[in-house]
>>> print(open('structure-v6.txt').read())   # compact mmCIF, C-alpha atoms
# COMPACT_ATOMS: atom_id res chain seq x y z
CA MET A 17 0.00 0.00 0.00
CA VAL A 18 1.10 3.55 -0.65
CA VAL A 19 2.29 5.63 2.28
CA ASN A 20 3.36 9.27 2.25
CA LEU A 21 5.63 10.25 5.07
CA LYS A 22 8.48 12.53 5.89
CA ILE A 23 11.80 11.09 7.03
CA ASN A 24 14.44 13.46 8.36
CA GLY A 25 12.72 16.36 6.62
CA ARG A 26 12.43 14.71 3.21
CA HIS A 27 9.14 13.49 1.69
CA TYR A 28 8.87 9.85 0.67
CA THR A 29 6.09 8.04 -1.16
CA LEU A 30 6.51 4.35 -0.46
CA ASP A 31 4.71 1.22 -1.54
CA VAL A 32 4.98 -1.15 1.42
CA PRO A 33 3.30 -4.40 2.46
CA PRO A 34 0.68 -3.82 5.20
CA ASP A 35 2.68 -5.86 7.71
CA GLU A 36 6.02 -4.13 7.17
CA ILE A 37 7.44 -2.55 10.30
CA LEU A 38 9.09 0.86 10.32
CA LEU A 39 12.45 -0.65 11.25
CA THR A 40 12.50 -2.65 8.00
CA THR A 41 11.34 0.31 5.93
CA LEU A 42 14.03 2.59 7.34
CA ARG A 43 16.81 0.08 6.88
CA ASN A 44 15.67 -0.65 3.32
CA LEU A 45 15.94 3.08 2.65
CA GLY A 46 19.49 3.09 3.97
CA PHE A 47 18.92 4.57 7.41
CA ASN A 48 21.25 2.03 8.96
CA SER A 49 21.61 3.82 12.26
CA VAL A 50 18.30 2.15 13.12
CA ARG A 51 19.36 -1.18 14.54
CA GLN A 52 17.53 -4.44 14.78
CA GLY A 53 17.71 -5.89 18.26
CA CYS A 54 15.29 -7.90 20.31
CA ASP A 55 12.22 -7.58 18.05
CA THR A 56 10.15 -7.91 21.23
CA SER A 57 9.70 -4.22 22.09
CA THR A 58 12.27 -4.37 24.84
CA CYS A 59 15.83 -3.32 24.01
CA GLY A 60 15.47 0.18 22.52
CA VAL A 61 18.18 -0.09 19.84
CA CYS A 62 15.60 0.66 17.14
CA THR A 63 14.41 3.92 18.79
CA VAL A 64 13.39 6.70 16.41
CA HIS A 65 11.13 9.72 16.79
CA VAL A 66 7.67 9.83 15.23
CA ASP A 67 6.13 13.29 15.31
CA GLY A 68 8.71 14.19 17.94
CA LYS A 69 8.02 11.28 20.28
CA ALA A 70 10.44 8.45 20.92
CA VAL A 71 9.04 5.11 19.76
CA LEU A 72 10.29 1.64 18.95
CA SER A 73 10.47 1.26 15.18
CA CYS A 74 10.19 -2.54 15.56
CA THR A 75 6.70 -2.02 16.97
CA VAL A 76 5.25 0.45 14.47
CA LEU A 77 3.61 -0.60 11.21
CA THR A 78 4.82 1.65 8.41
CA CYS A 79 1.34 1.83 6.92
CA ARG A 80 0.13 3.64 10.08
CA LEU A 81 2.50 6.52 9.41
CA ASP A 82 0.80 8.03 6.38
CA GLY A 83 1.13 11.79 6.87
CA HIS A 84 3.52 11.50 9.81
CA GLU A 85 7.12 12.56 10.33
CA VAL A 86 9.97 10.24 11.28
CA THR A 87 13.38 11.25 12.58
CA THR A 88 16.34 8.90 12.76
CA LEU A 89 19.88 9.53 13.96
CA GLU A 90 20.81 10.55 10.41
CA GLY A 91 18.44 13.50 10.79
CA VAL A 92 20.14 14.83 13.92
CA GLU A 93 23.76 14.23 13.01
CA GLU A 94 25.18 17.32 14.68
CA ALA A 95 23.54 16.67 18.02
CA ALA A 96 24.38 12.99 17.75
CA GLU A 97 28.03 13.73 17.18
CA THR A 98 28.11 16.00 20.21
CA ILE A 99 26.46 13.46 22.48
CA GLY A 100 28.68 10.76 21.02
CA ARG A 101 31.77 12.68 22.16
CA PHE A 102 30.51 12.70 25.75
CA LEU A 103 29.76 8.98 25.55
CA VAL A 104 33.27 8.25 24.26
CA GLU A 105 34.88 10.40 26.95
CA GLU A 106 33.15 8.32 29.60
CA GLY A 107 34.12 5.02 28.02
CA VAL A 108 30.58 4.15 27.10
CA GLU A 109 31.30 3.54 23.43
CA GLN A 110 32.30 -0.10 23.34
CA CYS A 111 30.53 -2.19 20.70
CA GLY A 112 28.37 0.84 19.93
CA TYR A 113 25.40 -1.17 18.75
CA CYS A 114 23.00 0.48 21.18
CA SER A 115 24.37 4.00 20.75
CA PRO A 116 22.03 5.29 18.01
CA GLY A 117 18.93 4.25 19.96
CA LEU A 118 20.44 5.61 23.16
CA ILE A 119 21.19 8.96 21.54
CA MET A 120 17.65 9.23 20.16
CA SER A 121 16.36 8.60 23.69
CA ILE A 122 18.75 11.19 25.14
CA LEU A 123 17.42 13.75 22.65
CA TYR A 124 13.86 12.89 23.67
CA LEU A 125 14.80 13.24 27.33
CA GLU A 126 16.39 16.59 26.55
CA LYS A 127 13.24 17.74 24.81
CA CYS A 128 10.94 16.64 27.66
CA VAL A 129 13.17 17.47 30.63
CA PRO A 130 16.12 19.71 29.68
CA GLN A 131 17.53 19.73 33.21
CA PRO A 132 16.68 16.32 34.61
CA THR A 133 17.55 14.77 37.93
CA ASP A 134 19.51 11.52 37.97
CA GLU A 135 16.26 9.70 38.63
CA GLN A 136 14.63 11.32 35.60
CA ILE A 137 17.57 10.37 33.39
CA LEU A 138 17.32 6.76 34.50
CA HIS A 139 13.56 6.85 34.01
CA TYR A 140 13.77 8.11 30.44
CA LEU A 141 16.58 5.76 29.47
CA ASN A 142 15.09 2.69 31.08
CA GLY A 143 14.06 1.37 27.68
CA ASN A 144 17.60 1.30 26.27
CA LEU A 145 19.55 -1.82 27.09
CA CYS A 146 23.34 -1.94 26.84
CA ARG A 147 25.15 -5.22 27.23
CA CYS A 148 28.75 -4.11 27.35
CA SER A 149 29.38 -0.77 29.00
CA GLY A 150 26.88 -0.73 31.85
CA TYR A 151 24.89 2.31 32.75
CA GLU A 152 27.06 4.31 35.14
CA GLY A 153 29.15 5.66 32.28
CA GLN A 154 26.04 6.54 30.32
CA LEU A 155 24.64 8.42 33.30
CA ARG A 156 27.90 10.37 33.70
CA ALA A 157 28.05 11.19 30.00
CA ILE A 158 24.45 12.38 29.82
CA LYS A 159 24.82 14.52 32.93
CA LYS A 160 27.95 16.14 31.56
CA TYR A 161 26.34 16.75 28.18
CA LEU A 162 23.27 18.37 29.73
CA GLU A 163 25.30 20.29 32.31
CA VAL A 164 27.49 21.78 29.63
CA LYS A 165 24.49 22.66 27.53
CA TYR A 166 22.08 23.85 30.19
CA GLY A 167 23.89 23.72 33.52
CA ALA A 168 23.71 26.61 35.97
CA GLY A 169 26.69 28.88 35.58
CA SER A 170 27.98 27.10 32.53
CA LYS A 171 28.79 29.44 29.68
CA GLN A 172 30.20 26.81 27.40
CA ALA A 173 28.16 26.49 24.28
CA ILE A 174 27.88 23.25 22.36
CA MET B 61 5.84 -13.81 12.18
CA LEU B 62 3.14 -11.26 11.45
CA ASN B 63 1.13 -11.55 8.27
CA ILE B 64 -1.47 -8.88 7.42
CA GLN B 65 -3.46 -9.39 4.25
CA GLU B 66 -5.26 -6.05 4.20
CA TYR B 67 -5.00 -2.83 6.22
CA VAL B 68 -7.65 -0.14 6.61
CA ALA B 69 -7.67 3.11 8.59
CA PRO B 70 -11.32 4.18 8.95
CA ASN B 71 -12.22 7.73 9.94
CA SER B 72 -15.15 6.89 12.19
CA LEU B 73 -16.08 4.30 14.78
CA GLU B 74 -19.06 3.15 12.76
CA GLU B 75 -16.86 2.54 9.74
CA ALA B 76 -14.37 0.66 11.93
CA TYR B 77 -17.19 -1.43 13.40
CA GLN B 78 -18.51 -2.36 9.97
CA TYR B 79 -15.03 -3.55 9.00
CA LEU B 80 -14.78 -5.48 12.28
CA ILE B 81 -17.93 -7.49 11.64
CA SER B 82 -17.29 -7.83 7.92
CA GLN B 83 -15.15 -10.94 8.18
CA LYS B 84 -13.85 -13.51 10.61
CA GLY B 85 -10.41 -12.68 11.92
CA ALA B 86 -10.73 -8.94 11.38
CA THR B 87 -8.49 -7.39 14.04
CA LEU B 88 -8.41 -3.96 15.64
CA LEU B 89 -4.97 -2.37 15.94
CA GLY B 90 -4.31 -0.70 19.25
CA GLY B 91 -0.73 0.08 20.22
CA CYS B 92 0.60 -3.09 18.56
CA ALA B 93 3.04 -3.56 21.44
CA TYR B 94 3.13 -7.31 20.89
CA LEU B 95 3.26 -7.07 17.15
CA ASN B 96 6.23 -9.35 16.73
CA LEU B 97 5.48 -11.88 19.43
CA GLY B 98 4.28 -15.18 18.10
CA THR B 99 2.79 -15.95 14.72
CA ARG B 100 -0.30 -14.04 13.61
CA ASN B 101 -2.22 -14.18 10.41
CA ILE B 102 -4.58 -11.20 10.15
CA PRO B 103 -6.88 -11.08 7.11
CA LEU B 104 -7.98 -7.50 7.85
CA ALA B 105 -6.20 -5.08 10.21
CA ILE B 106 -8.31 -2.12 11.33
CA ASP B 107 -6.32 0.87 12.51
CA LEU B 108 -8.23 2.99 15.05
CA SER B 109 -5.75 5.85 15.09
CA ARG B 110 -7.90 8.05 12.84
CA THR B 111 -11.14 7.59 14.79
CA GLY B 112 -10.56 10.38 17.29
CA LEU B 113 -10.05 8.16 20.33
CA SER B 114 -6.85 9.73 21.59
CA TYR B 115 -7.87 12.03 24.44
CA ILE B 116 -7.99 12.56 28.19
CA ARG B 117 -11.07 14.63 29.03
CA GLU B 118 -12.21 16.02 32.32
CA ASN B 119 -15.97 16.38 32.76
CA GLU B 120 -17.91 17.60 35.76
CA ASP B 121 -18.12 14.17 37.40
CA THR B 122 -15.84 11.98 35.35
CA ILE B 123 -12.55 11.65 33.54
CA GLU B 124 -12.58 9.91 30.18
CA LEU B 125 -9.64 8.18 28.55
CA GLY B 126 -10.07 7.48 24.85
CA ALA B 127 -9.07 4.00 23.73
CA MET B 128 -6.14 5.21 21.61
CA THR B 129 -4.65 7.30 24.42
CA THR B 130 -1.14 6.03 25.02
CA PHE B 131 0.48 5.21 28.34
CA GLY B 132 2.88 8.05 27.58
CA ASP B 133 -0.11 10.40 27.50
CA VAL B 134 -1.37 8.93 30.78
CA GLU B 135 2.05 9.37 32.37
CA HIS B 136 2.25 13.05 31.50
CA SER B 137 -1.38 14.10 31.88
CA ALA B 138 -1.93 17.20 34.00
CA ILE B 139 -5.56 16.17 34.45
CA LEU B 140 -4.77 12.73 35.82
CA ALA B 141 -2.06 14.17 38.06
CA ARG B 142 -4.73 16.05 40.01
CA TYR B 143 -6.71 12.97 41.00
CA PHE B 144 -6.21 9.83 43.07
CA ASN B 145 -2.62 10.66 44.03
CA ASN B 146 -1.73 10.34 40.34
CA ILE B 147 -2.12 6.56 40.60
CA LEU B 148 -2.66 5.98 36.88
CA ALA B 149 0.59 7.66 35.90
CA LEU B 150 2.45 5.89 38.68
CA SER B 151 1.08 2.54 37.57
CA VAL B 152 2.48 2.86 34.03
CA ARG B 153 5.76 4.64 34.68
CA ASP B 154 7.84 1.48 35.10
CA ILE B 155 6.44 -0.38 32.12
CA VAL B 156 9.48 -1.17 29.94
CA GLY B 157 10.64 2.18 28.46
CA ILE B 158 9.12 5.46 27.35
CA GLN B 159 9.50 4.36 23.70
CA LEU B 160 7.04 1.56 24.34
CA ARG B 161 4.75 3.60 26.58
CA ASN B 162 4.41 6.10 23.73
CA LEU B 163 2.83 3.28 21.73
CA VAL B 164 0.85 1.14 24.18
CA THR B 165 -2.80 2.18 24.29
CA VAL B 166 -5.44 2.25 27.01
CA GLY B 167 -7.93 0.42 24.79
CA GLY B 168 -5.53 -2.28 23.66
CA THR B 169 -4.65 -3.05 27.26
CA VAL B 170 -8.11 -2.96 28.80
CA TYR B 171 -9.88 -4.77 25.97
CA SER B 172 -7.28 -7.54 26.10
CA ARG B 173 -7.73 -7.86 29.91
CA TYR B 174 -4.05 -8.70 30.36
CA GLY B 175 -3.33 -10.44 33.64
CA PHE B 176 0.12 -8.88 33.91
CA SER B 177 -1.20 -5.34 33.49
CA ASP B 178 -0.24 -2.70 36.03
CA PHE B 179 -2.63 -0.18 34.51
CA ILE B 180 -5.71 -2.39 34.88
CA THR B 181 -4.96 -2.96 38.56
CA ALA B 182 -4.83 0.80 39.13
CA LEU B 183 -8.00 1.42 37.10
CA HIS B 184 -9.82 -1.31 39.00
CA VAL B 185 -9.27 0.35 42.36
CA LEU B 186 -11.06 3.44 41.05
CA ASP B 187 -14.74 3.70 40.16
CA THR B 188 -14.20 2.75 36.51
CA GLN B 189 -16.45 1.81 33.63
CA VAL B 190 -15.73 0.88 30.04
CA LYS B 191 -17.75 2.03 27.07
CA LEU B 192 -18.07 -0.44 24.22
CA TYR B 193 -19.21 1.15 20.99
CA LYS B 194 -22.21 -1.10 20.37
CA GLN B 195 -22.91 -2.77 23.70
CA GLY B 196 -22.74 0.30 25.89
CA ILE B 197 -21.27 0.94 29.34
CA PHE B 198 -20.11 -1.75 31.78
CA ASP B 199 -18.41 -1.67 35.13
CA LEU B 200 -14.75 -2.52 34.70
CA GLU B 201 -15.15 -5.35 37.20
CA TYR B 202 -17.85 -6.97 35.06
CA PHE B 203 -15.86 -6.44 31.88
CA LEU B 204 -12.71 -7.96 33.34
CA GLU B 205 -14.72 -11.00 34.36
CA ASN B 206 -16.72 -11.45 31.16
CA GLY B 207 -15.03 -9.56 28.36
CA SER B 208 -17.07 -8.54 25.34
CA LYS B 209 -19.90 -10.88 24.37
CA GLU B 210 -19.52 -10.03 20.70
CA PRO B 211 -17.07 -8.25 18.44
CA ASP B 212 -17.03 -4.64 19.55
CA ILE B 213 -14.76 -1.65 19.95
CA LEU B 214 -13.68 -0.33 23.31
CA GLU B 215 -14.34 3.36 22.87
CA LYS B 216 -13.26 4.79 26.19
CA VAL B 217 -12.67 4.26 29.88
CA ILE B 218 -14.75 6.40 32.24
CA ILE B 219 -13.53 7.14 35.75
CA LYS B 220 -15.80 8.71 38.31
CA LYS B 221 -14.17 11.63 40.06
CA ASP B 222 -14.31 11.25 43.82
CA ASN B 223 -12.06 12.09 46.69
CA ARG B 224 -10.49 8.68 47.19
CA GLN B 225 -6.83 8.40 48.01
CA ALA B 226 -5.12 5.74 45.96
CA VAL B 227 -1.81 3.91 46.08
CA PHE B 228 -0.12 1.61 43.58
CA LYS B 229 2.57 -0.86 44.58
CA ALA B 230 4.46 -3.40 42.51
CA MET B 231 7.43 -5.71 42.90
CA ARG B 232 9.73 -6.27 39.92
CA ASN B 233 12.96 -8.12 39.41
CA SER B 234 14.30 -4.99 37.75
CA ARG B 235 13.02 -1.62 36.66
CA GLY B 236 11.07 -1.98 33.44
CA ASP B 237 10.38 -5.68 33.87
CA TYR B 238 6.86 -7.03 34.25
CA ALA B 239 5.60 -6.96 37.82
CA ILE B 240 5.89 -10.15 39.82
CA LEU B 241 2.87 -8.86 41.69
CA ASN B 242 1.05 -5.55 41.84
CA LEU B 243 -1.46 -4.12 44.27
CA ALA B 244 -3.63 -1.03 44.28
CA LEU B 245 -5.41 0.28 47.32
CA ALA B 246 -7.89 3.12 47.64
CA ARG B 247 -9.32 4.73 50.71
CA ILE B 248 -12.76 6.22 50.25
CA GLY B 249 -13.64 7.91 53.51
CA ASP B 250 -13.39 5.09 56.04
CA LYS B 251 -13.60 2.30 53.50
CA PHE B 252 -10.78 0.49 51.74
CA ARG B 253 -10.76 -1.05 48.28
CA ILE B 254 -7.96 -3.42 47.34
CA VAL B 255 -7.04 -4.96 43.98
CA VAL B 256 -4.23 -7.41 43.32
CA GLY B 257 -2.92 -8.13 39.83
CA ALA B 258 -0.13 -9.96 38.03
CA ARG B 259 -0.84 -12.94 40.31
CA PRO B 260 -0.08 -13.76 37.41
CA GLY B 261 -3.82 -13.93 36.81
CA ARG B 262 -6.09 -11.02 36.08
CA ALA B 263 -6.52 -8.20 38.60
CA ALA B 264 -9.09 -9.09 41.26
CA LEU B 265 -10.67 -7.49 44.30
CA ALA B 266 -9.57 -8.78 47.70
CA LEU B 267 -13.09 -8.79 49.11
CA ASN B 268 -12.43 -10.59 52.40
CA THR B 269 -9.47 -8.39 53.18
CA MET B 270 -11.51 -5.29 52.40
CA GLU B 271 -14.32 -6.45 54.69
CA TYR B 272 -11.91 -7.22 57.51
CA LEU B 273 -10.14 -3.88 57.29
CA ASN B 274 -13.37 -1.93 56.92
CA ASN B 275 -14.85 -3.57 60.03
CA GLU B 276 -11.71 -3.14 62.10
CA TYR B 277 -11.32 0.47 61.10
CA ALA B 278 -14.99 1.22 61.80
CA GLN B 279 -14.63 -0.17 65.32
CA LYS B 280 -11.16 0.98 66.34
CA ARG B 281 -10.48 4.03 64.13
CA GLU B 282 -6.96 2.78 63.59
CA LEU B 283 -5.17 -0.13 61.99
CA SER B 284 -2.62 -1.59 64.39
CA PRO B 285 0.37 -3.70 63.29
CA GLU B 286 -1.56 -6.76 64.41
CA ILE B 287 -4.53 -5.86 62.20
CA LEU B 288 -2.21 -5.29 59.26
CA LYS B 289 -0.62 -8.67 59.89
CA ASN B 290 -4.02 -10.35 60.00
CA ALA B 291 -5.04 -8.57 56.80
CA GLY B 292 -1.89 -9.90 55.15
CA GLU B 293 -2.80 -13.45 56.11
CA ILE B 294 -6.32 -12.99 54.72
CA ILE B 295 -5.18 -11.57 51.39
CA ALA B 296 -2.65 -14.35 50.94
CA GLU B 297 -5.35 -16.94 51.43
CA GLU B 298 -8.34 -15.45 49.67
CA LEU B 299 -6.79 -14.90 46.23
CA SER B 300 -5.19 -17.46 43.97
CA PHE B 301 -1.51 -16.89 43.31
CA GLY B 302 0.18 -18.78 40.52
CA SER B 303 3.77 -19.61 39.67
CA ASN B 304 5.75 -18.64 36.58
CA GLY B 305 9.29 -17.70 35.67
CA ARG B 306 9.09 -14.50 37.68
CA GLY B 307 7.99 -15.96 40.97
CA SER B 308 6.37 -18.86 42.75
CA SER B 309 2.91 -18.91 44.24
CA GLU B 310 4.44 -18.92 47.74
CA TYR B 311 6.62 -15.93 46.93
CA ARG B 312 3.66 -14.00 45.55
CA LYS B 313 1.66 -14.70 48.73
CA GLU B 314 4.44 -13.20 50.83
CA LEU B 315 4.72 -10.25 48.46
CA ALA B 316 0.98 -9.61 48.75
CA LYS B 317 1.32 -9.21 52.49
CA VAL B 318 4.17 -6.74 52.15
CA LEU B 319 2.60 -4.67 49.37
CA LEU B 320 -0.67 -4.50 51.29
CA ARG B 321 1.01 -3.28 54.46
CA LYS B 322 3.01 -0.65 52.61
CA ALA B 323 -0.04 0.55 50.71
CA ILE B 324 -2.18 0.87 53.83
CA GLN B 325 0.54 2.76 55.63
CA GLU B 326 0.47 5.37 52.89
CA VAL B 327 -3.22 6.16 53.29
CA ILE B 328 -3.71 6.07 57.07
>>> encode(input="structure-v6.txt", output="C-alpha cells")
Amino acid sequence: MVVNLKINGRHYTLDVPPDEILLTTLRNLGFNSVRQGCDTSTCGVCTVHVDGKAVLSCTVLTCRLDGHEVTTLEGVEEAAETIGRFLVEEGVEQCGYCSPGLIMSILYLEKCVPQPTDEQILHYLNGNLCRCSGYEGQLRAIKKYLEVKYGAGSKQAI
Amino acid sequence: MLNIQEYVAPNSLEEAYQYLISQKGATLLGGCAYLNLGTRNIPLAIDLSRTGLSYIRENEDTIELGAMTTFGDVEHSAILARYFNNILALSVRDIVGIQLRNLVTVGGTVYSRYGFSDFITALHVLDTQVKLYKQGIFDLEYFLENGSKEPDILEKVIIKKDNRQAVFKAMRNSRGDYAILNLALARIGDKFRIVVGARPGRAALALNTMEYLNNEYAQKRELSPEILKNAGEIIAEELSFGSNGRGSSEYRKELAKVLLRKAIQEVI
C-alpha cells in the first residue's frame, strides 16, 4: 500500500506491504543507524522519533504513518556527534550497537526534561539496554552533556 | 511472524465497526506492542488511530480516557495528576521504556484484559467503567470478568471523580520488567478497596481483606500492626496466586502481604 511520510525532513512516497514494520522500511531506505535488536519491544536499539516522540520502530507498522514525520539519527547528526563525544569520553562507546537508539532517547529526554535529575535520566533511558558498557558511564556522559548545555553557571556552548 | 493481508484506517467508529464485523479474523490495531510476538495471520487489520479516540477529558463528574490514548499520555497528563494521588501515571511509569509507553494504548490493554497489566490494577481500584461502541457501558469489574460478548470496539474508559486516596505498589525483578505482583489500594472515607494483579492472573478485588479492614477500622479508628498482619494473612489466602518464571505462588503470597502493608501505611 502507498504511504506518504516525511523522514528526516524529506518526503517519501513508499509502496509497502501492510505488515512491514518501520524498522525494516528505514533500513531498506538506507537509514542504517536504526538497529535491529530484540524484536520484542524491549531493548530500545531501534528507537526513532515519530512526530517528535520516541518510539520503537520494531513495533510500528509503516502503513500507520501516512502523513507523519519520522526522525532517525541521520536526521540529527550534529547533536548525535556532540552526544557521542561525551559517551566516548566516559568510556561508554564499546561495541556501539546500542548507541544510536540511546542517543535518540537522550534527545527525547532533553526535549521533555532539559535539566533532569539523575532519577529522571534513568527513568527516560530505562528502555535502552546496553550489554557491554553498563549504565554508570552513560549516566555520567548524559549529565555532563546536559550540564554543559544547560547547567547553571555554565557558559560553554555546544 | 506477522502476516497482514489487508490494512484499513477508517475515519469513524461506525466505519471501523462495519469492518470489524465484515469478516472472521478482522483485528483492531491498538498500540501493537506485541506485534512481533508469536505468529499471527490477520486477514484484515483495522487501525483505530484516525477515529478520534486519543484524548484525556475532564468532565464535571468523570474523567474519560479514549481508547487510543497512550500510556505516555497517561504518564504526563496534567488532568490525571490532580486525581487519586496520580495513581494511573504511577502505575504505568515502570512499564518497559518510554518508547514503548508512547505506543501502548489504554484500549488495547483494557480490551485484552491482560493479567500482567499494572494499569488495569490501578484502574480497578477506582470507580471505573468501560464504554463499548455497540454494547454500551459496563463496570470494569464486570468487563474484566466477562469480556465482550460479541465483536465490539472499546471506545473509552470512564472514571468517576471522587475524593479517594489511591496507592499503587508493585514488585519487579528490575526496573522496566513485568511486575511479579502488583497491588492497588484506595481509601474512600473510612472504606478500603484493594485490587491485586499480576498474580499472574487477572486483577481481582480482595473482598475478604476489604471487609476485615473496613470492620476493624470502623470499630477501632486505627489499623494496628496486628490488624495489618491479619489482613496480610487474609489476602494471601483469599486470592489465587500462581507460579511462573518470575515468581512462585508462595513468593507472591508473601509479596501480597508486604505490598498491602506498605499501601495501607500510605493512606492512614
>>> closest_residue(input="structure-v6.txt", among="B:Glu293, B:Asp121, B:Glu74, B:Glu271", to="Ile219 (chain B)", atoms="all atoms listed in the file")
B:Asp121
>>> closest_atom_pairs(input="structure-v6.txt", of="chain A", to="chain B", cutoff="10 Å", atoms="only C-alpha atoms", output="Markdown table")
| residue | atom | partner | partner_atom | distance |
| --- | --- | --- | --- | --- |
| A:Met17 | CA | B:Tyr67 | CA | 8.5 |
| A:Pro33 | CA | B:Ile64 | CA | 8.2 |
| A:Pro34 | CA | B:Tyr67 | CA | 5.9 |
| A:Asp35 | CA | B:Ile64 | CA | 5.1 |
| A:Glu36 | CA | B:Leu62 | CA | 8.8 |
| A:Ile37 | CA | B:Leu95 | CA | 9.2 |
| A:Cys54 | CA | B:Asn96 | CA | 9.8 |
| A:Asp55 | CA | B:Asn96 | CA | 6.4 |
| A:Thr56 | CA | B:Asn96 | CA | 6.1 |
| A:Ser57 | CA | B:Ala93 | CA | 6.7 |
| A:Thr58 | CA | B:Val156 | CA | 6.6 |
| A:Cys59 | CA | B:Gly157 | CA | 8.8 |
| A:Gly60 | CA | B:Gln159 | CA | 7.4 |
| A:Cys62 | CA | B:Gln159 | CA | 9.7 |
| A:Thr63 | CA | B:Gln159 | CA | 7.0 |
| A:Val64 | CA | B:Gln159 | CA | 8.6 |
| A:His65 | CA | B:Gln159 | CA | 8.9 |
| A:Val66 | CA | B:Asn162 | CA | 9.8 |
| A:Lys69 | CA | B:Asn162 | CA | 7.2 |
| A:Ala70 | CA | B:Gln159 | CA | 5.0 |
| A:Val71 | CA | B:Gln159 | CA | 4.0 |
| A:Leu72 | CA | B:Gln159 | CA | 5.5 |
| A:Ser73 | CA | B:Gln159 | CA | 9.1 |
| A:Cys74 | CA | B:Asn96 | CA | 8.0 |
| A:Thr75 | CA | B:Ala93 | CA | 6.0 |
| A:Val76 | CA | B:Cys92 | CA | 7.1 |
| A:Leu77 | CA | B:Cys92 | CA | 8.3 |
| A:Cys79 | CA | B:Tyr67 | CA | 7.9 |
| A:Arg80 | CA | B:Asp107 | CA | 7.4 |
| A:Ser121 | CA | B:Gln159 | CA | 8.1 |
| A:Tyr124 | CA | B:Ile158 | CA | 9.6 |
| A:Leu125 | CA | B:Ile158 | CA | 9.6 |
| A:Leu138 | CA | B:Arg235 | CA | 9.7 |
| A:His139 | CA | B:Gly157 | CA | 7.8 |
| A:Tyr140 | CA | B:Ile158 | CA | 6.2 |
| A:Leu141 | CA | B:Gly157 | CA | 7.0 |
| A:Asn142 | CA | B:Gly157 | CA | 5.2 |
| A:Gly143 | CA | B:Gly157 | CA | 3.6 |
| A:Asn144 | CA | B:Gly157 | CA | 7.3 |
| A:Leu145 | CA | B:Gly157 | CA | 9.9 |
>>> atom_distance(input="structure-v6.txt", atom1="CA of Lys165 (chain A)", atom2="CA of Gly153 (chain A)")
18.3 Å
>>> residues_around(input="structure-v6.txt", residues="Glu120 (chain B)", least_positions_apart="5", cutoff="12 Å", atoms="all atoms listed in the file", output="number ranges by chain")
B: 219-222
>>> residues_around(input="structure-v6.txt", residues="Glu106 (chain A)", least_positions_apart="3", cutoff="12 Å", atoms="all atoms listed in the file", output="CSV table (one decimal) with C-alpha atoms, keeping the file's coordinate frame")
chain,number,residue,atom,x,y,z
A,99,ILE,CA,26.5,13.5,22.5
A,100,GLY,CA,28.7,10.8,21.0
A,101,ARG,CA,31.8,12.7,22.2
A,102,PHE,CA,30.5,12.7,25.8
A,103,LEU,CA,29.8,9.0,25.6
A,109,GLU,CA,31.3,3.5,23.4
A,110,GLN,CA,32.3,-0.1,23.3
A,149,SER,CA,29.4,-0.8,29.0
A,150,GLY,CA,26.9,-0.7,31.8
A,151,TYR,CA,24.9,2.3,32.8
A,152,GLU,CA,27.1,4.3,35.1
A,153,GLY,CA,29.2,5.7,32.3
A,154,GLN,CA,26.0,6.5,30.3
A,155,LEU,CA,24.6,8.4,33.3
A,156,ARG,CA,27.9,10.4,33.7
A,157,ALA,CA,28.0,11.2,30.0
A,158,ILE,CA,24.4,12.4,29.8
A,159,LYS,CA,24.8,14.5,32.9
A,160,LYS,CA,28.0,16.1,31.6
A,161,TYR,CA,26.3,16.8,28.2
>>> residues_near_point(input="structure-v6.txt", point="(-16.3, 2.5, 13.3)", cutoff="12 Å", atoms="only C-alpha atoms", output="number ranges by chain")
B: 68-82, 88, 106-113, 192-194, 211-215
>>> atom_distance(input="structure-v6.txt", atom1="CA of Cys114 (chain A)", atom2="CA of Cys146 (chain A)")
6.2 Å
>>> residues_around(input="structure-v6.txt", residues="region 300-317 of chain B", least_positions_apart="3", cutoff="12 Å", atoms="only C-alpha atoms", output="ChimeraX atom specification")
/B:175-176,229-234,237-245,254-266,269,287-297,320-324
>>> write_last_selection(input="structure-v6.txt", atoms="C-alpha atoms", output="compact mmCIF listing (two decimals), keeping the file's coordinate frame")
# COMPACT_ATOMS: atom_id res chain seq x y z
CA GLY B 175 -3.33 -10.44 33.64
CA PHE B 176 0.12 -8.88 33.91
CA LYS B 229 2.57 -0.86 44.58
CA ALA B 230 4.46 -3.40 42.51
CA MET B 231 7.43 -5.71 42.90
CA ARG B 232 9.73 -6.27 39.92
CA ASN B 233 12.96 -8.12 39.41
CA SER B 234 14.30 -4.99 37.75
CA ASP B 237 10.38 -5.68 33.87
CA TYR B 238 6.86 -7.03 34.25
CA ALA B 239 5.60 -6.96 37.82
CA ILE B 240 5.89 -10.15 39.82
CA LEU B 241 2.87 -8.86 41.69
CA ASN B 242 1.05 -5.55 41.84
CA LEU B 243 -1.46 -4.12 44.27
CA ALA B 244 -3.63 -1.03 44.28
CA LEU B 245 -5.41 0.28 47.32
CA ILE B 254 -7.96 -3.42 47.34
CA VAL B 255 -7.04 -4.96 43.98
CA VAL B 256 -4.23 -7.41 43.32
CA GLY B 257 -2.92 -8.13 39.83
CA ALA B 258 -0.13 -9.96 38.03
CA ARG B 259 -0.84 -12.94 40.31
CA PRO B 260 -0.08 -13.76 37.41
CA GLY B 261 -3.82 -13.93 36.81
CA ARG B 262 -6.09 -11.02 36.08
CA ALA B 263 -6.52 -8.20 38.60
CA ALA B 264 -9.09 -9.09 41.26
CA LEU B 265 -10.67 -7.49 44.30
CA ALA B 266 -9.57 -8.78 47.70
CA THR B 269 -9.47 -8.39 53.18
CA ILE B 287 -4.53 -5.86 62.20
CA LEU B 288 -2.21 -5.29 59.26
CA LYS B 289 -0.62 -8.67 59.89
CA ASN B 290 -4.02 -10.35 60.00
CA ALA B 291 -5.04 -8.57 56.80
CA GLY B 292 -1.89 -9.90 55.15
CA GLU B 293 -2.80 -13.45 56.11
CA ILE B 294 -6.32 -12.99 54.72
CA ILE B 295 -5.18 -11.57 51.39
CA ALA B 296 -2.65 -14.35 50.94
CA GLU B 297 -5.35 -16.94 51.43
CA LEU B 320 -0.67 -4.50 51.29
CA ARG B 321 1.01 -3.28 54.46
CA LYS B 322 3.01 -0.65 52.61
CA ALA B 323 -0.04 0.55 50.71
CA ILE B 324 -2.18 0.87 53.83
>>> axis_aligned_box(input="structure-v6.txt", around="region 95-110 of chain A", padding_each_side="5 Å", output="lines of an AutoDock Vina configuration file")
center_x = 29.2
center_y = 8.3
center_z = 23.4
size_x = 21.3
size_y = 26.8
size_z = 22.4
